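Visitor: I have a structure I would like to understand better, so I am pasting it below and will then ask my questions one at a time.
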Amino acid sequence: MPEQARIVIVEDTLSLARVYQDYLRADGHLVDHVVTGADAIERLNQNPPDAMVLDLVLPDMDGREVLRAAAQISPDCKVVVITAHGSVNVAVEAMREGAWDFLLKPFTADKLRETVTKALAGMPSISNSPNTDLVETETDKMYFDIIGGSENMRDIYRIIENAAPSRATVFITGESGTGKELAAEAIHRRSERAKAPFIPLNCGAIPKDLMESEIFGHVKGAFTGAVSDREGAAHRAEGGTLFLDEICEMDLDLQTKLLRFIQTGTFQKVGGSSLETVDVRFVCATNRDPLEEVRTGRFREDLYYRLHVIPLHMPPLRDRDNDILQIANFYLQRYTREEGRDFEKFSPEVSALFARYTWPGNIRQLQNIIRNIVVLNNGTEVTLSMVPRPVNSGTEDDHFGSATIEAPPPHPVVSRETGGTGRLWEGDPEALAFLAGARQMRKVVENHQTGKNSQLVGVGTASGDRTGMAPRGLSDNGLGYSEIRPLWQVEKQAIEEAIERCGGSIPRAADALGVSPSTIYRKKQSWEDNGL
């Protein structure tokens with residue numbers, strides 16, 4: 001970096017330009033100012049500077065035209081673009097077109113000087129920032145708890161770096177399993193609120209009748225079961241960050257109250273009469289298309305525009321280049337330590353398979369696949385035979401990435417004989433349990449209990465001894481009464497199969513099963529509480 005660098009500021013607001021000049025001159029640089037894009041291009045032709053601070057909104061042209069001209073005329077000139085909150089995506093596109101870094105208005109003098117200094121030194125602002133938790137090793141790159149160093153993830157890191165110091169709301173979108181909560185936590189940890197609480201709240205996991213209490217709290221006696229006062233997430237997040245995950249799952253009535261809370265910073269507990277004021281930063285996320293939710297009337301338009309200040313889209317794993325193998329190696333090492341195994345690496349065939357697979361369940365699916373490999377196998381190298389379906393299916397189309405679950409027709413998929421390729425044996429209880437589904441299995445159980453259809457196939461092996469419990473007309477040998485599984489087992493299997501087929505997305509699984517996401521979350525919690 002030259003000791004006295006030549007810097008040109010391209011800014012049509014004179015007051016801002018003077019401020020930027022003063023900031024950079026304090027470091028001993030020679031700083032000039034031009035107002036229009038045409039003047040900037042002329043300066044590049046006549047006397048190219050070492051760096052350029054470029055506002056993307058200019059009176060005579062799009063700032064990106066100046067950026068493209070700089071790339072052609074003076075490739076060594078480091079361009080730092082300036083953008084407002086609502087145009088972060090434009091800044092990211094500018095990065096792809098050759099900008100060295102970008103600044104998000106408003107920014108501090110220190111932020112401007114630090115960014116320009118690093119640009120002049122040829123240092124990427126993320127990987128070399130002394131205050132950034134980006135760790136690089138032979139097998140992984142991490143930004144806080146986010147693994148990956150692909151170009152589109154580095155764009156994500158740059159947005160987080162610039163957005164974190166602000167109070168502006170960040171709206172994170174992306175498919176299930178892409179790491180939206182990790183991104184939200186990174187924003188919190190990179191901000192000045194890092195020492196205050198980070199409170200995540202999943203709007204799809206809590207019944208709508210309890211959601212208001214979860215956010216705002218309640219007073220004793222506010223409703224049946226409210227035996228004492230309870231503080232909500234808003235109060236617990238005081239001074240920190242409130243992360244509203246699956247925000248599009250929120251009931252419309254509660255969206256109105258959330259909008260008022262965001263606008264005023266005040267709220268009222270359920271059953272309470274006094275207003276409370278808190279200082280929180282809002283980050284929200286969804287795996288749906290928020291604009292589509294607005295168009296269909298499921299999400300308030302005014303709330304959308306209040307929350308959608310800084311958009312951040314988490315890319316799916318299939319679009320993250322070499323990150324797939326970096327993430328896979330990271331979790332292979334972690335799970336190997338946890339499970340006491342000997343794995344050190346993936347075979348070349350497995351690496352190629354992982355890189356080729358589309359990963360509809362994203363990082364969550366990759367985690368589960370590697371956990372499965374480590375738990376069920378051992379050795380120093382993961383081989384192709386250890387990789388379970390659907391990843392090791394032999395065809396690109398054999399995965400559970402579809403948006404809906406369609407049970408196969410009973411014929412000719414279900415066969416009376418075993419061993420048919422691509423067919424299910426009607427004596428296979430696990431196959432019929434899923435094909436029938438929980439609702440159909442209720443009919444099976446009822447028919448058995450009333451003595452009808454005694455030839456129907458049982459759907460698994462019941463736990464416990466049921467000898468002597470068979471109703472009249474049912475034999476207790478072969479595939480009789482004792483073969484009927486408890487309904488909760490059939491229901492649990494159907495739900496878990498649906499979640500797997502939907503790539504780990506509970507909302508999608510719920511939609512396919514015809515129930516609400518909160519129903520699945522409650523059932524999963526009940527199974528865990530009872531050790532099932």
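Residues are named by chain letter and number: chains run A, B, ... in the order of the structure tokens, numbers start at 1 in each chain, and ligands are numbered from 1 in the order shown.
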From a DSSP pass on the backbone, collect the residues of segment 94-210 of chain A flagged as strand (DSSP E) and hand them back as number ranges by chain.

Guide: A: 101-104, 134-136, 141-143, 146-147, 170-173, 198-202

Visitor: If you count only C-alpha atoms, which residues fall within 7 Å of segment 262-274 of chain A, apart from same-chain ones fewer than 5 positions away, as a short mmCIF file (atom, residue, chain, number, x, y, z; two decimals) with C-alpha atoms, in the first residue's frame?

Guide:
data_model
loop_
_atom_site.label_atom_id
_atom_site.label_comp_id
_atom_site.auth_asym_id
_atom_site.auth_seq_id
_atom_site.Cartn_x
_atom_site.Cartn_y
_atom_site.Cartn_z
CA SER A 213 -47.62 -15.02 25.37
CA PHE A 216 -44.86 -10.56 25.04
CA GLY A 217 -45.32 -12.63 28.21
CA HIS A 218 -48.42 -12.77 30.39
CA VAL A 219 -49.65 -11.90 33.87
CA ALA A 222 -54.46 -14.09 32.00
CA ASP A 279 -34.57 -1.86 23.17
#

Visitor: Between A:Tyr521, A:Glu249, A:Val280, A:Tyr357, single out the one closest to Asp321 of chain A, counting only C-alpha atoms.

Guide: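 Distance minimum relative to Asp321 of chain A lands on A:Tyr357.
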
Visitor: With a distance cut-off of 9 Å and only C-alpha atoms, select the neighbouring residues of Glu496 of chain A, excluding the residue or stretch itself and same-chain residues fewer than 5 positions from it, and output the selection as an MDAnalysis selection string.

Guide: chainID A and resid 491 501 509

Visitor: Just write the chosen residues, C-alpha atoms, as a PDB file, in the first residue's frame.

Guide:
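Here's the written file again_9.pdb:
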ATOM      1  CA  GLU A 491     -48.051 -42.008  13.495  1.00  0.00           C
ATOM      2  CA  ARG A 501     -38.869 -36.956   2.345  1.00  0.00           C
ATOM      3  CA  ALA A 509     -43.981 -32.213   5.943  1.00  0.00           C
TER       4      ALA A 509
END

Visitor: Which neighbours of Lys208 of chain A fall inside 8 Å, counting only C-alpha atoms, when residues of the same chain fewer than 2 positions from it are skipped, and could you give them as a PyMOL selection string?

Guide: chain A and resi 206+210-212+250-251

Visitor: Out of A:Val116, A:Ala183, A:Ala84, A:Ala109, which residue has the shortest atom-to-atom distance to Ile7 of chain A when counting only C-alpha atoms?

Guide: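 The closest residue to Ile7 of chain A is A:Val116.
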
Visitor: Enumerate as a ChimeraX atom specification all residues of segment 203-398 of chain A assigned to alpha helix (DSSP H) by DSSP on the backbone, naming them with the chain letters and numbers the document uses.

Guide: /A:208-216,233-236,252-264,290-295,301-307,323-339,348-356,362-376

Visitor: List the neighbours of Met95 of chain A out to 10 Å using only C-alpha atoms; skip same-chain residues closer than 3 positions along the sequence, and give me the result as a list in words.

Guide: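 Non-adjacent residues within range: Arg64, Leu67, Val79, Val80, Val81, Asn89, Val90, Ala91, Val92, Gly98, Ala99, Trp100, Asp101, Phe102, Asp155 and Arg158 of chain A.
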
Visitor: Write the selection just made, keeping all heavy atoms, as a short mmCIF file (atom, residue, chain, number, x, y, z; two decimals), in the first residue's frame?

Guide:
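Below is the file that was written, selection.cif:
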data_model
loop_
_atom_site.label_atom_id
_atom_site.label_comp_id
_atom_site.auth_asym_id
_atom_site.auth_seq_id
_atom_site.Cartn_x
_atom_site.Cartn_y
_atom_site.Cartn_z
N ARG A 64 -22.72 1.55 -11.34
CA ARG A 64 -22.08 0.32 -11.82
C ARG A 64 -21.45 0.51 -13.20
O ARG A 64 -20.54 -0.24 -13.56
CB ARG A 64 -23.10 -0.82 -11.84
CG ARG A 64 -23.44 -1.35 -10.44
CD ARG A 64 -24.48 -2.43 -10.48
NE ARG A 64 -25.76 -1.92 -10.92
CZ ARG A 64 -26.87 -2.67 -11.04
NH1 ARG A 64 -26.81 -3.95 -10.76
NH2 ARG A 64 -28.00 -2.13 -11.44
N LEU A 67 -18.11 1.53 -12.34
CA LEU A 67 -17.39 0.36 -11.87
C LEU A 67 -16.86 -0.47 -13.03
O LEU A 67 -15.69 -0.90 -13.04
CB LEU A 67 -18.31 -0.48 -10.97
CG LEU A 67 -17.76 -1.81 -10.44
CD1 LEU A 67 -16.55 -1.57 -9.56
CD2 LEU A 67 -18.86 -2.56 -9.68
N VAL A 79 -12.06 -0.30 -5.99
CA VAL A 79 -13.31 0.45 -5.90
C VAL A 79 -14.12 -0.04 -4.70
O VAL A 79 -14.42 -1.24 -4.59
CB VAL A 79 -14.14 0.31 -7.18
CG1 VAL A 79 -15.43 1.13 -7.06
CG2 VAL A 79 -13.34 0.77 -8.39
N VAL A 80 -14.44 0.89 -3.81
CA VAL A 80 -15.33 0.60 -2.68
C VAL A 80 -16.65 1.31 -2.97
O VAL A 80 -16.68 2.53 -3.14
CB VAL A 80 -14.73 1.11 -1.35
CG1 VAL A 80 -15.72 0.91 -0.21
CG2 VAL A 80 -13.41 0.41 -1.06
N VAL A 81 -17.74 0.54 -3.07
CA VAL A 81 -19.03 1.14 -3.41
C VAL A 81 -19.81 1.45 -2.13
O VAL A 81 -19.63 0.80 -1.09
CB VAL A 81 -19.86 0.22 -4.33
CG1 VAL A 81 -19.13 -0.02 -5.64
CG2 VAL A 81 -20.19 -1.10 -3.65
N ASN A 89 -28.68 -5.88 -2.22
CA ASN A 89 -28.51 -6.82 -3.31
C ASN A 89 -27.77 -6.19 -4.48
O ASN A 89 -26.99 -6.85 -5.18
CB ASN A 89 -29.87 -7.36 -3.78
CG ASN A 89 -30.48 -8.31 -2.77
OD1 ASN A 89 -29.77 -8.88 -1.95
ND2 ASN A 89 -31.79 -8.46 -2.81
N VAL A 90 -28.01 -4.88 -4.72
CA VAL A 90 -27.30 -4.18 -5.78
C VAL A 90 -25.80 -4.13 -5.46
O VAL A 90 -24.95 -4.32 -6.34
CB VAL A 90 -27.85 -2.75 -5.95
CG1 VAL A 90 -27.04 -1.97 -6.98
CG2 VAL A 90 -29.32 -2.80 -6.35
N ALA A 91 -25.48 -3.91 -4.19
CA ALA A 91 -24.08 -3.87 -3.78
C ALA A 91 -23.42 -5.23 -3.97
O ALA A 91 -22.26 -5.31 -4.39
CB ALA A 91 -23.97 -3.44 -2.32
N VAL A 92 -24.14 -6.29 -3.67
CA VAL A 92 -23.59 -7.63 -3.87
C VAL A 92 -23.33 -7.88 -5.35
O VAL A 92 -22.29 -8.46 -5.73
CB VAL A 92 -24.54 -8.69 -3.28
CG1 VAL A 92 -24.07 -10.09 -3.64
CG2 VAL A 92 -24.63 -8.54 -1.77
N GLY A 98 -16.76 -6.60 -9.80
CA GLY A 98 -15.39 -6.14 -9.62
C GLY A 98 -15.14 -5.20 -8.48
O GLY A 98 -13.99 -4.82 -8.22
N ALA A 99 -16.18 -4.75 -7.76
CA ALA A 99 -15.95 -3.88 -6.60
C ALA A 99 -15.14 -4.64 -5.56
O ALA A 99 -15.32 -5.85 -5.37
CB ALA A 99 -17.28 -3.42 -6.02
N TRP A 100 -14.27 -3.91 -4.86
CA TRP A 100 -13.43 -4.56 -3.85
C TRP A 100 -14.21 -4.83 -2.58
O TRP A 100 -14.06 -5.85 -1.94
CB TRP A 100 -12.21 -3.69 -3.55
CG TRP A 100 -11.17 -4.40 -2.75
CD1 TRP A 100 -10.96 -4.33 -1.40
CD2 TRP A 100 -10.22 -5.34 -3.25
NE1 TRP A 100 -9.94 -5.16 -1.03
CE2 TRP A 100 -9.45 -5.79 -2.16
CE3 TRP A 100 -9.93 -5.83 -4.52
CZ2 TRP A 100 -8.42 -6.71 -2.29
CZ3 TRP A 100 -8.90 -6.75 -4.66
CH2 TRP A 100 -8.16 -7.17 -3.54
N ASP A 101 -15.06 -3.89 -2.20
CA ASP A 101 -15.87 -4.03 -1.00
C ASP A 101 -17.01 -3.04 -1.09
O ASP A 101 -17.10 -2.25 -2.04
CB ASP A 101 -15.03 -3.78 0.26
CG ASP A 101 -15.59 -4.48 1.49
OD1 ASP A 101 -16.78 -4.86 1.46
OD2 ASP A 101 -14.86 -4.67 2.46
N PHE A 102 -17.92 -3.06 -0.13
CA PHE A 102 -18.98 -2.06 -0.11
C PHE A 102 -19.24 -1.59 1.32
O PHE A 102 -18.94 -2.28 2.29
CB PHE A 102 -20.27 -2.58 -0.76
CG PHE A 102 -21.03 -3.59 0.04
CD1 PHE A 102 -21.99 -3.21 0.96
CD2 PHE A 102 -20.81 -4.95 -0.16
CE1 PHE A 102 -22.71 -4.14 1.68
CE2 PHE A 102 -21.52 -5.89 0.56
CZ PHE A 102 -22.48 -5.48 1.48
N ASP A 155 -20.02 -13.23 -0.02
CA ASP A 155 -20.97 -12.12 -0.18
C ASP A 155 -21.86 -12.00 1.05
O ASP A 155 -22.16 -10.90 1.52
CB ASP A 155 -21.83 -12.34 -1.43
CG ASP A 155 -21.04 -12.20 -2.72
OD1 ASP A 155 -19.96 -11.59 -2.68
OD2 ASP A 155 -21.50 -12.70 -3.75
N ARG A 158 -19.93 -10.42 3.87
CA ARG A 158 -19.77 -8.97 3.70
C ARG A 158 -21.03 -8.23 4.12
O ARG A 158 -20.97 -7.16 4.74
CB ARG A 158 -19.42 -8.66 2.25
CG ARG A 158 -18.02 -9.11 1.84
CD ARG A 158 -17.67 -8.63 0.43
NE ARG A 158 -16.34 -9.08 0.06
CZ ARG A 158 -16.09 -10.14 -0.70
NH1 ARG A 158 -17.10 -10.86 -1.16
NH2 ARG A 158 -14.86 -10.48 -1.01
#

Visitor: Using only C-alpha atoms, which residues sit within 12 Å of segment 30-34 of chain A once same-chain residues fewer than 6 positions away are excluded, as number ranges by chain?

Guide: A: 2-24, 40-44, 47-55, 58-59, 116

Visitor: With distances taken over only C-alpha atoms, which residue among A:Ile370, A:Cys502, A:Leu312, A:Met61 lies nearest Asn152 of chain A?

Guide: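 Ranking A:Ile370, A:Cys502, A:Leu312, A:Met61 by distance to Asn152 of chain A, first place goes to A:Leu312.
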
Visitor: Which residues, written as a ChimeraX atom specification, have at least one atom at most 6 Å from segment 358-363 of chain A, with only C-alpha atoms counted and residues fewer than 2 positions away on the same chain left out?

Guide: /A:177-178,317-318,365-366,401,503-504

Visitor: Can you spit out the residues from that selection as a PDB file, in the first residue's frame, using all heavy atoms?

Guide:
ATOM      1  N   GLY A 177     -32.719 -25.655   6.281  1.00  0.00           N
ATOM      2  CA  GLY A 177     -31.431 -26.305   6.426  1.00  0.00           C
ATOM      3  C   GLY A 177     -30.259 -25.543   5.847  1.00  0.00           C
ATOM      4  O   GLY A 177     -29.152 -26.084   5.774  1.00  0.00           O
ATOM      5  N   THR A 178     -30.449 -24.274   5.447  1.00  0.00           N
ATOM      6  CA  THR A 178     -29.352 -23.511   4.846  1.00  0.00           C
ATOM      7  C   THR A 178     -28.561 -22.698   5.862  1.00  0.00           C
ATOM      8  O   THR A 178     -27.546 -22.091   5.502  1.00  0.00           O
ATOM      9  CB  THR A 178     -29.880 -22.563   3.753  1.00  0.00           C
ATOM     10  OG1 THR A 178     -30.958 -21.772   4.296  1.00  0.00           O
ATOM     11  CG2 THR A 178     -30.386 -23.341   2.555  1.00  0.00           C
ATOM     12  N   LEU A 317     -27.291 -25.436  -0.477  1.00  0.00           N
ATOM     13  CA  LEU A 317     -25.987 -26.101  -0.461  1.00  0.00           C
ATOM     14  C   LEU A 317     -25.519 -26.453  -1.866  1.00  0.00           C
ATOM     15  O   LEU A 317     -24.323 -26.404  -2.157  1.00  0.00           O
ATOM     16  CB  LEU A 317     -26.068 -27.354   0.417  1.00  0.00           C
ATOM     17  CG  LEU A 317     -24.757 -28.096   0.684  1.00  0.00           C
ATOM     18  CD1 LEU A 317     -23.721 -27.171   1.306  1.00  0.00           C
ATOM     19  CD2 LEU A 317     -25.005 -29.301   1.592  1.00  0.00           C
ATOM     20  N   ARG A 318     -26.438 -26.802  -2.746  1.00  0.00           N
ATOM     21  CA  ARG A 318     -26.061 -27.208  -4.109  1.00  0.00           C
ATOM     22  C   ARG A 318     -25.411 -26.065  -4.889  1.00  0.00           C
ATOM     23  O   ARG A 318     -24.755 -26.307  -5.911  1.00  0.00           O
ATOM     24  CB  ARG A 318     -27.289 -27.710  -4.862  1.00  0.00           C
ATOM     25  CG  ARG A 318     -28.405 -26.698  -4.993  1.00  0.00           C
ATOM     26  CD  ARG A 318     -29.630 -27.285  -5.655  1.00  0.00           C
ATOM     27  NE  ARG A 318     -30.749 -26.357  -5.608  1.00  0.00           N
ATOM     28  CZ  ARG A 318     -31.600 -26.270  -4.594  1.00  0.00           C
ATOM     29  NH1 ARG A 318     -31.464 -27.073  -3.540  1.00  0.00           N
ATOM     30  NH2 ARG A 318     -32.603 -25.402  -4.616  1.00  0.00           N
ATOM     31  N   GLN A 365     -29.500 -32.073   6.004  1.00  0.00           N
ATOM     32  CA  GLN A 365     -29.473 -33.422   5.422  1.00  0.00           C
ATOM     33  C   GLN A 365     -28.044 -33.963   5.391  1.00  0.00           C
ATOM     34  O   GLN A 365     -27.808 -35.135   5.706  1.00  0.00           O
ATOM     35  CB  GLN A 365     -30.057 -33.394   4.008  1.00  0.00           C
ATOM     36  CG  GLN A 365     -30.096 -34.780   3.357  1.00  0.00           C
ATOM     37  CD  GLN A 365     -30.489 -34.725   1.896  1.00  0.00           C
ATOM     38  OE1 GLN A 365     -30.531 -33.654   1.291  1.00  0.00           O
ATOM     39  NE2 GLN A 365     -30.766 -35.886   1.314  1.00  0.00           N
ATOM     40  N   LEU A 366     -27.084 -33.113   5.023  1.00  0.00           N
ATOM     41  CA  LEU A 366     -25.683 -33.539   4.989  1.00  0.00           C
ATOM     42  C   LEU A 366     -25.221 -33.964   6.381  1.00  0.00           C
ATOM     43  O   LEU A 366     -24.533 -34.986   6.530  1.00  0.00           O
ATOM     44  CB  LEU A 366     -24.817 -32.406   4.449  1.00  0.00           C
ATOM     45  CG  LEU A 366     -23.306 -32.658   4.395  1.00  0.00           C
ATOM     46  CD1 LEU A 366     -22.987 -33.877   3.542  1.00  0.00           C
ATOM     47  CD2 LEU A 366     -22.579 -31.433   3.856  1.00  0.00           C
ATOM     48  N   GLY A 401     -36.607 -34.891  -2.463  1.00  0.00           N
ATOM     49  CA  GLY A 401     -36.577 -33.445  -2.530  1.00  0.00           C
ATOM     50  C   GLY A 401     -37.863 -32.834  -3.047  1.00  0.00           C
ATOM     51  O   GLY A 401     -37.936 -31.640  -3.227  1.00  0.00           O
ATOM     52  N   GLY A 503     -36.858 -33.305   3.121  1.00  0.00           N
ATOM     53  CA  GLY A 503     -35.535 -32.739   3.342  1.00  0.00           C
ATOM     54  C   GLY A 503     -35.360 -32.098   4.702  1.00  0.00           C
ATOM     55  O   GLY A 503     -34.581 -31.158   4.853  1.00  0.00           O
ATOM     56  N   GLY A 504     -36.100 -32.581   5.706  1.00  0.00           N
ATOM     57  CA  GLY A 504     -35.958 -32.047   7.048  1.00  0.00           C
ATOM     58  C   GLY A 504     -36.868 -30.867   7.335  1.00  0.00           C
ATOM     59  O   GLY A 504     -36.837 -30.314   8.445  1.00  0.00           O
TER      60      GLY A 504
END
